[in-house]
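**Q** Sharing start.cif (mmCIF, C-alpha atoms) below.
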```
data_data
#
loop_
_atom_site.label_atom_id
_atom_site.label_comp_id
_atom_site.auth_asym_id
_atom_site.auth_seq_id
_atom_site.Cartn_x
_atom_site.Cartn_y
_atom_site.Cartn_z
CA MET Z 69 -43.53 -46.47 -7.95
CA ASP Z 70 -44.34 -43.42 -9.98
CA VAL Z 71 -41.56 -40.89 -9.82
CA MET Z 72 -43.32 -37.55 -9.86
CA PHE Z 73 -40.75 -35.87 -12.03
CA PRO Z 74 -41.30 -33.59 -15.03
CA ALA Z 75 -38.34 -34.68 -17.16
CA ILE Z 76 -40.67 -36.18 -19.74
CA LEU Z 77 -41.88 -32.66 -20.36
CA MET Z 78 -38.42 -31.62 -21.48
CA VAL Z 79 -39.66 -31.83 -25.04
CA LEU Z 80 -41.37 -28.51 -24.42
CA LEU Z 81 -37.94 -26.96 -24.11
CA ALA Z 82 -36.89 -27.77 -27.67
CA GLY Z 83 -37.57 -24.68 -29.72
CA ALA Z 84 -37.27 -24.39 -33.46
CA GLY Z 85 -34.06 -22.98 -34.78
CA GLY Z 86 -30.97 -23.64 -36.81
CA GLY Z 87 -28.34 -21.99 -38.91
CA GLU Z 88 -27.38 -18.55 -37.66
CA THR Z 89 -30.88 -17.45 -36.65
CA PRO Z 90 -31.05 -16.97 -32.87
CA ARG Z 91 -33.58 -19.27 -31.21
CA ARG Z 92 -36.41 -17.35 -29.57
CA LEU Z 93 -37.96 -18.53 -26.35
CA PRO Z 94 -41.67 -19.27 -26.56
CA LEU Z 95 -44.07 -17.47 -24.30
CA PRO Z 96 -44.16 -19.11 -20.89
CA PRO Z 97 -46.34 -22.24 -21.07
CA GLU Z 98 -48.64 -23.22 -18.26
CA LEU Z 99 -46.41 -24.53 -15.49
CA VAL Z 100 -46.90 -28.12 -14.43
CA SER Z 101 -47.84 -28.78 -10.83
CA VAL Z 102 -46.63 -32.21 -9.77
CA GLU Z 103 -47.06 -32.27 -6.00
CA GLY Z 104 -49.93 -33.51 -3.87
CA VAL Z 105 -51.79 -35.34 -6.62
CA PRO Z 106 -53.53 -38.41 -5.18
CA PRO Z 107 -53.68 -41.29 -5.53
CA GLU Z 108 -50.12 -42.55 -5.47
CA ARG Z 109 -49.58 -45.15 -8.18
CA VAL Z 110 -47.26 -47.95 -7.05
CA ARG Z 111 -45.65 -50.21 -9.63
CA LEU Z 112 -43.97 -53.44 -8.60
CA SER Z 113 -41.90 -56.00 -10.44
CA VAL Z 114 -42.32 -59.34 -8.66
CA SER Z 115 -40.23 -62.44 -9.29
CA VAL Z 116 -41.65 -65.83 -8.36
CA LEU Z 117 -39.21 -68.75 -8.18
CA ASP Z 118 -39.52 -72.42 -7.37
CA GLU Z 119 -37.26 -74.24 -4.93
CA ALA Z 120 -34.64 -74.73 -7.66
CA GLY Z 121 -34.56 -71.00 -8.46
CA ARG Z 122 -36.48 -71.32 -11.74
CA PRO Z 123 -39.10 -68.72 -12.70
CA VAL Z 124 -42.68 -69.79 -12.15
CA ARG Z 125 -44.88 -68.94 -15.11
CA GLY Z 126 -48.60 -68.98 -15.76
CA LEU Z 127 -49.81 -67.05 -12.70
CA GLY Z 128 -52.68 -64.59 -12.92
CA PRO Z 129 -53.70 -61.50 -10.94
CA SER Z 130 -56.00 -63.50 -8.66
CA ASP Z 131 -53.01 -65.57 -7.51
CA PHE Z 132 -51.31 -62.54 -5.91
CA ALA Z 133 -52.03 -60.81 -2.62
CA VAL Z 134 -50.33 -57.46 -2.09
CA LEU Z 135 -50.12 -55.82 1.33
CA GLU Z 136 -48.80 -52.31 1.85
CA GLY Z 137 -48.24 -51.52 5.51
CA GLY Z 138 -50.40 -54.54 6.34
CA ILE Z 139 -53.35 -53.31 4.25
CA ARG Z 140 -54.56 -55.32 1.24
CA GLN Z 141 -54.29 -53.44 -2.04
CA ASN Z 142 -56.43 -53.84 -5.16
CA LEU Z 143 -54.49 -54.45 -8.36
CA ILE Z 144 -55.38 -52.19 -11.29
CA ASP Z 145 -52.78 -53.52 -13.73
CA PHE Z 146 -51.07 -56.88 -14.18
CA GLY Z 147 -48.87 -58.62 -16.70
CA VAL Z 148 -45.64 -60.47 -17.40
CA GLU Z 149 -42.64 -58.19 -17.82
CA SER Z 150 -41.54 -59.86 -21.07
CA ASP Z 151 -44.96 -59.10 -22.60
CA ARG Z 152 -45.00 -55.44 -21.60
CA LEU Z 153 -43.80 -53.46 -24.58
CA ASP Z 154 -44.54 -50.31 -22.58
CA ARG Z 155 -41.84 -51.32 -20.09
CA PRO Z 156 -38.48 -51.53 -21.87
CA LEU Z 157 -35.64 -52.88 -19.75
CA SER Z 158 -32.49 -50.84 -19.23
CA ALA Z 159 -29.70 -53.03 -17.84
CA VAL Z 160 -26.43 -51.62 -16.51
CA PHE Z 161 -23.35 -53.72 -15.87
CA LEU Z 162 -21.53 -51.75 -13.17
CA VAL Z 163 -18.21 -53.51 -12.73
CA ASP Z 164 -15.67 -52.97 -9.97
CA ARG Z 165 -12.23 -52.74 -11.59
CA SER Z 166 -10.24 -53.35 -8.42
CA GLY Z 167 -9.35 -56.38 -6.32
CA SER Z 168 -10.66 -59.90 -6.83
CA VAL Z 169 -13.48 -58.80 -9.11
CA ALA Z 170 -11.08 -57.35 -11.66
CA ARG Z 171 -9.38 -60.72 -12.13
CA GLN Z 172 -12.58 -62.03 -13.73
CA MET Z 173 -12.86 -59.40 -16.44
CA GLY Z 174 -12.85 -61.97 -19.23
CA LYS Z 175 -15.94 -63.61 -17.73
CA TRP Z 176 -17.65 -60.22 -17.30
CA ARG Z 177 -17.17 -59.48 -20.99
CA GLN Z 178 -18.83 -62.74 -21.96
CA ALA Z 179 -21.65 -62.17 -19.45
CA CYS Z 180 -22.50 -58.73 -20.87
CA VAL Z 181 -22.85 -60.12 -24.37
CA ALA Z 182 -24.83 -63.15 -23.15
CA LEU Z 183 -27.40 -60.88 -21.54
CA ALA Z 184 -27.66 -58.60 -24.56
CA LEU Z 185 -28.32 -61.57 -26.85
CA SER Z 186 -31.21 -62.73 -24.64
CA MET Z 187 -33.01 -59.38 -24.48
CA ARG Z 188 -35.87 -57.97 -26.54
CA PRO Z 189 -35.31 -55.43 -29.33
CA ILE Z 190 -36.69 -52.65 -27.10
CA ASP Z 191 -34.24 -53.42 -24.27
CA GLU Z 192 -30.78 -51.87 -23.93
CA VAL Z 193 -27.54 -52.49 -22.05
CA ARG Z 194 -24.89 -50.12 -20.70
CA VAL Z 195 -21.44 -51.21 -19.51
CA ALA Z 196 -19.59 -49.08 -16.97
CA THR Z 197 -16.65 -49.65 -14.67
CA PHE Z 198 -15.68 -47.96 -11.45
CA THR Z 199 -13.02 -47.59 -8.83
CA SER Z 200 -13.15 -44.09 -7.37
CA ASP Z 201 -14.99 -42.78 -10.45
CA VAL Z 202 -17.39 -44.25 -13.00
CA THR Z 203 -16.32 -44.76 -16.61
CA VAL Z 204 -18.97 -45.62 -19.20
CA LEU Z 205 -17.43 -48.00 -21.74
CA ARG Z 206 -20.59 -48.32 -23.81
CA ASP Z 207 -23.75 -46.34 -23.32
CA PHE Z 208 -27.17 -47.90 -23.74
CA THR Z 209 -27.39 -50.08 -26.84
CA GLY Z 210 -29.29 -53.09 -28.05
CA ASP Z 211 -26.52 -54.05 -30.48
CA ALA Z 212 -24.69 -57.06 -29.00
CA ARG Z 213 -21.84 -56.81 -31.52
CA ALA Z 214 -21.23 -53.13 -30.77
CA LEU Z 215 -21.34 -53.97 -27.09
CA GLN Z 216 -18.75 -56.71 -27.50
CA ASP Z 217 -16.43 -54.40 -29.45
CA SER Z 218 -16.53 -51.83 -26.65
CA LEU Z 219 -15.60 -54.29 -23.92
CA GLU Z 220 -11.91 -54.39 -24.73
CA GLY Z 221 -11.56 -51.58 -22.19
CA LEU Z 222 -12.93 -53.83 -19.45
CA GLU Z 223 -9.71 -54.57 -17.60
CA GLU Z 224 -8.21 -54.43 -14.13
CA SER Z 225 -7.33 -51.11 -12.55
CA GLY Z 226 -6.00 -49.87 -9.23
CA GLY Z 227 -7.43 -47.23 -6.94
CA GLY Z 228 -10.01 -47.02 -4.19
CA THR Z 229 -13.48 -48.46 -4.45
CA ARG Z 230 -16.57 -46.25 -4.07
CA ILE Z 231 -19.35 -48.74 -4.69
CA PHE Z 232 -22.31 -46.73 -3.50
CA ARG Z 233 -21.23 -43.49 -5.17
CA ALA Z 234 -21.05 -45.45 -8.42
CA VAL Z 235 -24.57 -46.79 -7.83
CA ASP Z 236 -25.78 -43.28 -6.98
CA GLU Z 237 -24.37 -41.84 -10.20
CA THR Z 238 -25.95 -44.66 -12.22
CA LEU Z 239 -29.33 -44.12 -10.56
CA ARG Z 240 -29.31 -40.49 -11.63
CA ASP Z 241 -28.79 -41.55 -15.23
CA LEU Z 242 -31.48 -44.23 -15.04
CA ARG Z 243 -34.11 -41.95 -13.54
CA ARG Z 244 -35.03 -40.46 -16.89
CA ARG Z 245 -35.27 -43.79 -18.71
CA PRO Z 246 -38.74 -45.32 -19.10
CA GLY Z 247 -39.84 -48.73 -17.92
CA ARG Z 248 -37.91 -51.10 -15.72
CA LYS Z 249 -34.25 -50.81 -14.82
CA VAL Z 250 -31.68 -53.20 -13.35
CA ILE Z 251 -28.10 -52.69 -12.18
CA PHE Z 252 -25.87 -55.77 -12.24
CA LEU Z 253 -23.43 -54.65 -9.55
CA MET Z 254 -20.27 -56.74 -9.81
CA THR Z 255 -18.10 -56.08 -6.77
CA ASP Z 256 -16.44 -57.57 -3.73
CA GLY Z 257 -18.79 -55.43 -1.63
CA LEU Z 258 -16.08 -53.53 0.26
CA ASP Z 259 -16.61 -49.78 -0.03
CA ASN Z 260 -13.78 -47.44 0.99
CA ASP Z 261 -16.21 -44.64 1.89
CA ARG Z 262 -18.37 -46.83 4.15
CA PRO Z 263 -16.20 -49.72 5.34
CA GLY Z 264 -18.35 -50.45 8.39
CA ALA Z 265 -21.75 -50.47 6.69
CA TRP Z 266 -23.31 -53.92 6.92
CA ASN Z 267 -26.83 -52.94 5.90
CA THR Z 268 -28.55 -49.95 4.35
CA ALA Z 269 -30.66 -49.11 7.41
CA SER Z 270 -27.55 -48.37 9.47
CA ASP Z 271 -26.61 -45.38 7.29
CA ASP Z 272 -28.96 -42.48 6.42
CA TRP Z 273 -27.27 -41.86 3.08
CA LEU Z 274 -27.64 -45.53 2.09
CA THR Z 275 -31.28 -45.46 3.18
CA ASP Z 276 -31.83 -42.56 0.82
CA LEU Z 277 -30.00 -44.49 -1.91
CA VAL Z 278 -32.55 -47.30 -1.50
CA ARG Z 279 -35.36 -44.73 -1.68
CA ARG Z 280 -34.08 -43.36 -4.97
CA ALA Z 281 -33.68 -46.84 -6.45
CA VAL Z 282 -37.25 -47.78 -5.51
CA GLU Z 283 -38.62 -44.48 -6.80
CA SER Z 284 -36.95 -45.07 -10.16
CA GLN Z 285 -38.02 -48.74 -10.40
CA VAL Z 286 -34.40 -49.91 -10.30
CA THR Z 287 -33.58 -53.44 -9.17
CA VAL Z 288 -30.04 -54.10 -7.99
CA VAL Z 289 -28.48 -57.54 -8.48
CA THR Z 290 -25.20 -57.82 -6.55
CA ILE Z 291 -22.76 -60.41 -7.88
CA MET Z 292 -19.71 -61.10 -5.72
CA PRO Z 293 -16.64 -63.27 -6.40
CA GLY Z 294 -16.95 -65.06 -3.06
CA PRO Z 295 -17.43 -64.66 0.72
CA THR Z 296 -15.57 -61.77 2.34
CA GLY Z 297 -15.40 -63.14 5.87
CA ARG Z 298 -17.98 -60.61 7.06
CA PRO Z 299 -21.44 -61.75 8.17
CA ALA Z 300 -23.20 -59.22 5.90
CA LEU Z 301 -22.50 -56.29 3.60
CA ALA Z 302 -24.57 -53.25 2.64
CA ALA Z 303 -24.06 -54.13 -1.04
CA GLN Z 304 -25.96 -57.36 -0.40
CA ASP Z 305 -28.72 -55.59 1.52
CA LEU Z 306 -29.09 -53.03 -1.28
CA ALA Z 307 -30.05 -55.86 -3.62
CA VAL Z 308 -32.57 -57.27 -1.16
CA GLN Z 309 -34.20 -53.89 -0.47
CA THR Z 310 -34.72 -53.20 -4.18
CA GLY Z 311 -36.24 -56.60 -4.94
CA GLY Z 312 -33.11 -58.15 -6.44
CA TRP Z 313 -30.70 -60.86 -5.38
CA TRP Z 314 -27.14 -61.18 -4.19
CA LEU Z 315 -25.11 -64.21 -5.16
CA TYR Z 316 -21.62 -65.45 -5.82
CA THR Z 317 -20.10 -66.01 -9.24
CA SER Z 318 -19.76 -69.46 -10.71
CA ASP Z 319 -17.50 -71.07 -13.30
CA ASP Z 320 -20.19 -70.24 -15.86
CA LEU Z 321 -20.71 -66.54 -15.22
CA PRO Z 322 -22.25 -65.86 -18.66
CA GLY Z 323 -24.77 -68.63 -18.03
CA LEU Z 324 -25.52 -67.24 -14.58
CA VAL Z 325 -26.18 -63.72 -15.90
CA LYS Z 326 -28.35 -65.10 -18.69
CA ARG Z 327 -30.46 -66.99 -16.12
CA LEU Z 328 -30.77 -63.82 -14.05
CA GLY Z 329 -31.98 -62.02 -17.15
CA GLU Z 330 -34.58 -64.72 -17.67
CA ARG Z 331 -35.74 -64.25 -14.09
CA LEU Z 332 -36.16 -60.54 -14.68
CA MET Z 333 -38.13 -60.97 -17.89
CA ALA Z 334 -40.33 -63.71 -16.37
CA SER Z 335 -41.21 -61.44 -13.45
CA TYR Z 336 -44.74 -60.18 -13.01
CA PHE Z 337 -45.76 -56.54 -13.22
CA LEU Z 338 -48.28 -55.42 -10.60
CA ALA Z 339 -49.71 -51.92 -10.12
CA TYR Z 340 -52.13 -50.44 -7.62
CA ASP Z 341 -53.23 -47.07 -6.28
CA SER Z 342 -52.02 -46.87 -2.71
CA THR Z 343 -54.52 -46.47 0.10
CA ARG Z 344 -51.90 -44.50 2.03
CA SER Z 345 -52.87 -41.03 3.17
CA VAL Z 346 -51.08 -38.38 1.12
CA ASP Z 347 -49.92 -36.85 4.42
CA ASP Z 348 -48.21 -40.03 5.59
CA PRO Z 349 -44.43 -39.69 5.01
CA ARG Z 350 -43.45 -43.09 6.41
CA ARG Z 351 -41.84 -45.96 4.52
CA ARG Z 352 -44.41 -48.74 4.11
CA ARG Z 353 -43.47 -52.38 4.07
CA ILE Z 354 -44.54 -54.35 0.97
CA GLU Z 355 -45.55 -58.00 1.23
CA VAL Z 356 -46.50 -60.05 -1.83
CA SER Z 357 -47.66 -63.64 -1.51
CA ILE Z 358 -49.10 -66.32 -3.78
CA HIS Z 359 -52.53 -67.69 -2.97
CA ARG Z 360 -52.79 -70.89 -4.95
CA ALA Z 361 -52.97 -74.41 -3.60
CA GLY Z 362 -49.71 -76.34 -3.86
CA MET Z 363 -47.54 -73.24 -4.28
CA GLU Z 364 -46.78 -72.49 -0.65
CA ALA Z 365 -43.04 -73.15 -1.11
CA LEU Z 366 -42.53 -70.58 -3.86
CA VAL Z 367 -40.06 -67.76 -3.30
CA VAL Z 368 -41.58 -64.34 -3.98
CA ARG Z 369 -39.30 -61.35 -4.29
CA THR Z 370 -40.04 -57.65 -4.71
CA VAL Z 371 -39.01 -54.40 -3.03
CA GLU Z 372 -38.97 -54.52 0.76
CA GLY Z 373 -40.88 -51.27 1.05
CA VAL Z 374 -42.06 -48.12 -0.72
CA PHE Z 375 -41.58 -44.52 0.27
CA ALA Z 376 -43.76 -41.45 0.17
CA PRO Z 377 -42.90 -39.48 -2.97
CA ARG Z 378 -40.37 -36.75 -2.41
CA PRO Z 379 -41.27 -33.26 -3.57
CA VAL Z 380 -39.90 -32.61 -7.04
CA LEU Z 381 -38.31 -29.41 -5.78
CA ARG Z 382 -36.11 -31.37 -3.40
CA ILE Z 383 -35.00 -33.74 -6.16
CA LEU Z 384 -34.08 -30.87 -8.46
CA GLU Z 385 -32.33 -29.02 -5.68
CA GLU Z 386 -30.11 -32.06 -5.14
CA ASP Z 387 -29.40 -32.24 -8.86
CA LEU Z 388 -28.34 -28.59 -8.90
CA GLU Z 389 -25.59 -29.56 -6.44
CA ASP Z 390 -24.38 -32.48 -8.54
CA GLU Z 391 -20.77 -32.58 -9.72
CA ASP Z 392 -21.89 -33.30 -13.29
CA GLU Z 393 -22.73 -30.07 -15.11
CA GLY Z 394 -25.02 -31.92 -17.51
CA ARG Z 395 -27.24 -33.00 -14.63
CA ARG Z 396 -27.23 -29.50 -13.21
CA ALA Z 397 -28.30 -28.11 -16.59
CA LEU Z 398 -31.14 -30.62 -16.86
CA ALA Z 399 -32.30 -29.72 -13.37
CA ALA Z 400 -32.28 -26.03 -14.25
CA SER Z 401 -34.34 -26.75 -17.38
CA ASP Z 402 -36.84 -28.88 -15.44
CA LEU Z 403 -37.31 -26.10 -12.89
CA GLY Z 404 -38.88 -24.03 -15.63
CA LEU Z 405 -41.75 -26.51 -15.72
CA VAL Z 406 -42.50 -26.86 -12.01
CA ALA Z 407 -45.11 -24.62 -10.45
CA ASP Z 408 -43.65 -24.59 -6.94
CA PRO Z 409 -42.67 -20.96 -6.19
CA GLY Z 410 -39.50 -22.20 -4.51
CA GLY Z 411 -38.17 -23.00 -7.96
CA THR Z 412 -37.45 -19.33 -8.63
CA SER Z 413 -34.94 -19.00 -5.80
CA LEU Z 414 -33.15 -22.16 -6.93
CA LEU Z 415 -32.90 -20.78 -10.45
CA LEU Z 416 -31.57 -17.44 -9.24
CA LYS Z 417 -28.87 -19.35 -7.40
CA ALA Z 418 -28.11 -21.32 -10.58
CA LEU Z 419 -27.40 -18.06 -12.41
CA LYS Z 420 -24.07 -18.06 -10.53
CA ASP Z 421 -23.15 -21.62 -11.54
CA GLY Z 422 -19.65 -22.11 -12.93
CA SER Z 423 -20.99 -23.81 -16.05
CA PRO Z 424 -22.27 -21.62 -18.92
CA GLY Z 425 -24.72 -24.34 -19.87
CA VAL Z 426 -26.30 -24.27 -16.42
CA ARG Z 427 -26.50 -20.49 -16.39
CA ALA Z 428 -28.15 -20.43 -19.81
CA ALA Z 429 -30.66 -23.12 -18.81
CA ALA Z 430 -31.50 -21.21 -15.62
CA VAL Z 431 -32.09 -18.02 -17.59
CA GLU Z 432 -34.45 -19.75 -20.00
CA SER Z 433 -36.36 -21.39 -17.15
CA LEU Z 434 -36.82 -18.07 -15.37
CA ALA Z 435 -38.29 -16.66 -18.57
CA ARG Z 436 -40.70 -19.58 -18.79
CA ARG Z 437 -41.84 -18.98 -15.25
CA GLY Z 438 -42.78 -15.45 -16.35
CA ASP Z 439 -41.76 -13.68 -13.14
CA GLY Z 440 -40.90 -10.12 -14.11
CA LYS Z 441 -39.22 -9.55 -10.73
CA THR Z 442 -36.29 -11.67 -11.92
CA ALA Z 443 -35.54 -9.40 -14.91
CA ALA Z 444 -32.94 -7.34 -13.06
CA ARG Z 445 -30.98 -10.44 -12.10
CA ILE Z 446 -31.19 -11.79 -15.64
CA ALA Z 447 -30.02 -8.44 -17.06
CA ARG Z 448 -26.70 -8.85 -15.25
CA LEU Z 449 -25.94 -11.80 -17.51
CA LEU Z 450 -25.99 -9.54 -20.57
CA GLU Z 451 -22.34 -9.02 -19.66
CA ASP Z 452 -21.57 -12.69 -19.02
CA GLU Z 453 -18.21 -13.95 -20.30
CA ASP Z 454 -20.00 -16.62 -22.38
CA SER Z 455 -21.78 -15.50 -25.57
CA ALA Z 456 -24.44 -18.23 -25.33
CA VAL Z 457 -25.39 -17.02 -21.84
CA ARG Z 458 -25.54 -13.41 -23.06
CA ASP Z 459 -27.82 -14.44 -25.94
CA ALA Z 460 -30.07 -16.45 -23.59
CA ALA Z 461 -30.35 -13.46 -21.26
CA ALA Z 462 -31.35 -11.17 -24.13
CA ARG Z 463 -34.04 -13.58 -25.30
CA ALA Z 464 -35.32 -14.05 -21.76
CA LEU Z 465 -35.67 -10.33 -21.20
CA GLU Z 466 -37.60 -10.06 -24.45
CA VAL Z 467 -40.06 -12.70 -23.24
CA LEU Z 468 -40.50 -11.07 -19.83
CA ALA Z 469 -41.15 -7.70 -21.45
CA ARG Z 470 -44.18 -8.98 -23.41
#
```
Translate this structure into C-alpha cells?
**A**
Amino acid sequence: MDVMFPAILMVLLAGAGGGETPRRLPLPPELVSVEGVPPERVRLSVSVLDEAGRPVRGLGPSDFAVLEGGIRQNLIDFGVESDRLDRPLSAVFLVDRSGSVARQMGKWRQACVALALSMRPIDEVRVATFTSDVTVLRDFTGDARALQDSLEGLEESGGGTRIFRAVDETLRDLRRRPGRKVIFLMTDGLDNDRPGAWNTASDDWLTDLVRRAVESQVTVVTIMPGPTGRPALAAQDLAVQTGGWWLYTSDDLPGLVKRLGERLMASYFLAYDSTRSVDDPRRRRIEVSIHRAGMEALVVRTVEGVFAPRPVLRILEEDLEDEDEGRRALAASDLGLVADPGGTSLLLKALKDGSPGVRAAAVESLARRGDGKTAARIARLLEDEDSAVRDAAARALEVLAR
C-alpha cells in the first residue's frame, strides 16, 4: 500500500553550504498536501507455492483474481518481484539473543550470509539483535563479506525479551526505504511485555503494529526454534497478517533461509487503485486466488487485509514522541513540508524538545511554513544553550521577515 508520507521530499531540506559560511534557509517552498488524494494505490506482494512449498513461476496477470472487501479489483500493474528493479528488497535479520534462540547463533550467522549471497545487487541486508533493546550489528549492506565480518557480535545475551518493541523500532527504520521489505524475526515468540497475547487482534497496540507493517510493505517471517507448548502466539500471527510465514528451524537453517529468500523473490507484484470510498476507515480483507485450470491446490499468500491510510500528521506526531532523537528530528523536518495547519502546533511543541537537533529542525520547519505568528516563539531560541539552535533561529527569523 502507498504510505502517504513526505519523507522522500526531504531532499528539499538540504541547502547549500560548507566551510564556515552559515547556511541560509531558502524561502518557504510550496507546502505539500498529502491527505485526501484519491484513488488509494494498493501494492501487494503475493507468493504462490505448490504443495511441496516451492514457488510457482510463469503466472500472468489474468491468472490472478484480487478481492478487496469482497469486491473485485482491476490490476494496473503486475510483475515478478525479482524482475522489478524499481522494488529493491531490504531484508532485516532481527535475532532474539535470549533463551533457546540464542543457542543457535552459529546457524544464524551462516543464514545471514546465505541470504545475502542469493540477493540482487540492488538488495541489502541489515543484522540486528534484541533482548530489551535493539542493537544493529551491521546496517544495510549488499556486501556479503562485510556482513560476515560484522556477525562476530552475534552471540547469546541475558535480559528480558521485547519482541514487538523490536519489530516496532525496525518498522520505523524501514518506512523510509523504497521497495519491498522483509523482517526475518528469529525468536521463541515469548514477549515479556505481552505474555498473554496469542494473536494480534486481541491487542490494540499489536493491531496497530500490523497496520504499520502493511502500510510500509513489510513482510514478517517468524522463525522459531520449536513448539512452545502454547496453541498460538502473536509472533506467528504477525507473520500471517503481513503475508509472511511462520516456521520452525531445521538442521539446515542457512538452506531454509535461502529457500525463503527464493520464495520472496519469486513472488508476484500486483497493484490496483482501490474502489474503497475515501471516507471508509475500515480494514478491508484481501483475498487473492489463482484462476487457472489444474492449479486449484496452490497456496496463495499475501497480507490478510489493508487499512485506510492514516493522516500524515498522526504519523509525524507519533514520531515526535519517539525515544530516538534522530526520528524526532526527521519528523520535525518533515512537518515543514506538510500543509496541514495542525503541523504548526506540533512544531511549536517540538521547540521545547530536549534534543538540540530536534529544536533546530523544528525552527527550520516553522520558517518553511512561513507563518509569521510563530516569530515570537522562535525568537526565544536566540538565547538557547546550543549554538546551532541559536543560529537556526536567527536564520528562521530572517526568512519570516522577508
**Q** For the PyMOL selection byres ((chain Z and resi 164) around 6), applied here, can you spell out every residue it catches as an mmCIF file with C-alpha atoms, in the frame of the given file?
**A**
```cif
data_model
loop_
_atom_site.group_PDB
_atom_site.id
_atom_site.type_symbol
_atom_site.label_atom_id
_atom_site.label_comp_id
_atom_site.auth_asym_id
_atom_site.auth_seq_id
_atom_site.Cartn_x
_atom_site.Cartn_y
_atom_site.Cartn_z
ATOM 1 C CA VAL Z 163 -18.210 -53.510 -12.730
ATOM 2 C CA ARG Z 165 -12.230 -52.740 -11.590
ATOM 3 C CA SER Z 166 -10.240 -53.350 -8.420
ATOM 4 C CA THR Z 197 -16.650 -49.650 -14.670
ATOM 5 C CA PHE Z 198 -15.680 -47.960 -11.450
ATOM 6 C CA MET Z 254 -20.270 -56.740 -9.810
ATOM 7 C CA THR Z 255 -18.100 -56.080 -6.770
#
```
**Q** With a distance cut-off of 8 Å and all atoms listed in the file, select the neighbouring residues of range 324-328 of chain Z, excluding the residue or stretch itself and same-chain residues fewer than 4 positions from it, and output the selection as a list in words.
**A** Ala179, Cys180, Ala182, Leu183, Ser186, Thr317, Ser318, Asp320 and Leu332 of chain Z
**Q** List, as a short mmCIF file (atom, residue, chain, number, x, y, z; two decimals) with C-alpha atoms, in the frame of the given file, every residue that the PyMOL selection byres ((chain Z and resi 397-410) around 6) selects in the file provided.
**A**
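Output (result-v5.cif):
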```cif
data_model
loop_
_atom_site.label_atom_id
_atom_site.label_comp_id
_atom_site.auth_asym_id
_atom_site.auth_seq_id
_atom_site.Cartn_x
_atom_site.Cartn_y
_atom_site.Cartn_z
CA LEU Z 99 -46.41 -24.53 -15.49
CA VAL Z 100 -46.90 -28.12 -14.43
CA SER Z 101 -47.84 -28.78 -10.83
CA LEU Z 384 -34.08 -30.87 -8.46
CA ASP Z 387 -29.40 -32.24 -8.86
CA GLY Z 394 -25.02 -31.92 -17.51
CA ARG Z 395 -27.24 -33.00 -14.63
CA ARG Z 396 -27.23 -29.50 -13.21
CA GLY Z 411 -38.17 -23.00 -7.96
CA THR Z 412 -37.45 -19.33 -8.63
CA SER Z 413 -34.94 -19.00 -5.80
CA VAL Z 426 -26.30 -24.27 -16.42
CA ALA Z 429 -30.66 -23.12 -18.81
CA ALA Z 430 -31.50 -21.21 -15.62
CA SER Z 433 -36.36 -21.39 -17.15
CA ARG Z 436 -40.70 -19.58 -18.79
CA ARG Z 437 -41.84 -18.98 -15.25
#
```
**Q** Determine the residue membership of the PyMOL selection byres ((chain Z and resi 334-338) around 8) for the file above and supply it as a PDB file with C-alpha atoms, keeping the file's coordinate frame.
**A**
```
ATOM      1  CA  ARG Z 111     -45.650 -50.210  -9.630  1.00  0.00           C
ATOM      2  CA  LEU Z 112     -43.970 -53.440  -8.600  1.00  0.00           C
ATOM      3  CA  SER Z 113     -41.900 -56.000 -10.440  1.00  0.00           C
ATOM      4  CA  VAL Z 114     -42.320 -59.340  -8.660  1.00  0.00           C
ATOM      5  CA  SER Z 115     -40.230 -62.440  -9.290  1.00  0.00           C
ATOM      6  CA  VAL Z 116     -41.650 -65.830  -8.360  1.00  0.00           C
ATOM      7  CA  PRO Z 123     -39.100 -68.720 -12.700  1.00  0.00           C
ATOM      8  CA  VAL Z 124     -42.680 -69.790 -12.150  1.00  0.00           C
ATOM      9  CA  ARG Z 125     -44.880 -68.940 -15.110  1.00  0.00           C
ATOM     10  CA  LEU Z 143     -54.490 -54.450  -8.360  1.00  0.00           C
ATOM     11  CA  ILE Z 144     -55.380 -52.190 -11.290  1.00  0.00           C
ATOM     12  CA  ASP Z 145     -52.780 -53.520 -13.730  1.00  0.00           C
ATOM     13  CA  PHE Z 146     -51.070 -56.880 -14.180  1.00  0.00           C
ATOM     14  CA  GLY Z 147     -48.870 -58.620 -16.700  1.00  0.00           C
ATOM     15  CA  VAL Z 148     -45.640 -60.470 -17.400  1.00  0.00           C
ATOM     16  CA  GLU Z 149     -42.640 -58.190 -17.820  1.00  0.00           C
ATOM     17  CA  SER Z 150     -41.540 -59.860 -21.070  1.00  0.00           C
ATOM     18  CA  GLU Z 330     -34.580 -64.720 -17.670  1.00  0.00           C
ATOM     19  CA  ARG Z 331     -35.740 -64.250 -14.090  1.00  0.00           C
ATOM     20  CA  LEU Z 332     -36.160 -60.540 -14.680  1.00  0.00           C
ATOM     21  CA  MET Z 333     -38.130 -60.970 -17.890  1.00  0.00           C
ATOM     22  CA  ALA Z 339     -49.710 -51.920 -10.120  1.00  0.00           C
ATOM     23  CA  TYR Z 340     -52.130 -50.440  -7.620  1.00  0.00           C
TER      24      TYR Z 340
END
```
**Q** One number please: CA of Ala461 in chain Z to CA of Arg445 in chain Z, in Å, one decimal.
**A**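 These atoms are spaced 9.7 Å apart.
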**Q** Please, what distance in Å, to one decimal, runs between CA of Arg155 in chain Z and CA of Arg248 in chain Z?
**A**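 Answer for the CA of Arg155 in chain Z to CA of Arg248 in chain Z separation: 5.9 Å.
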**Q** Between CA of Arg245 in chain Z and CA of Val195 in chain Z, what distance in Å does the model show, to one decimal?
**A**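 So the answer is 15.7 Å.
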**Q** Find the residue from Z:Pro349, Z:Pro293, Z:Gly264, Z:Gly257 that sits nearest to Ala307 in chain Z; use only C-alpha atoms when measuring.
**A**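 Ranking Z:Pro349, Z:Pro293, Z:Gly264, Z:Gly257 by distance to Ala307 in chain Z, first place goes to Z:Gly257.
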**Q** Could you tell me, as a PyMOL selection string, which residues have any atom at most 10 Å from (-23.0, -48.2, -16.7), counting all atoms listed in the file?
**A** chain Z and resi 159-163+193-198+202-208+234-235+237-239+241-242+251-253
**Q** When distances are computed from all atoms listed in the file, which of Z:Glu364, Z:Asp217, Z:Asp305, Z:Asp348 shows the smallest separation from Glu119 in chain Z?
**A**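 Using all atoms listed in the file, Glu119 in chain Z sits closest to Z:Glu364.
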**Q** Rank Z:Val181, Z:Arg360, Z:Thr290, Z:Trp266 by their smallest atom-to-atom distance to Gly126 in chain Z, using all atoms listed in the file, and report the top residue only.
**A**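 Selected residue with least distance to Gly126 in chain Z: Z:Arg360.
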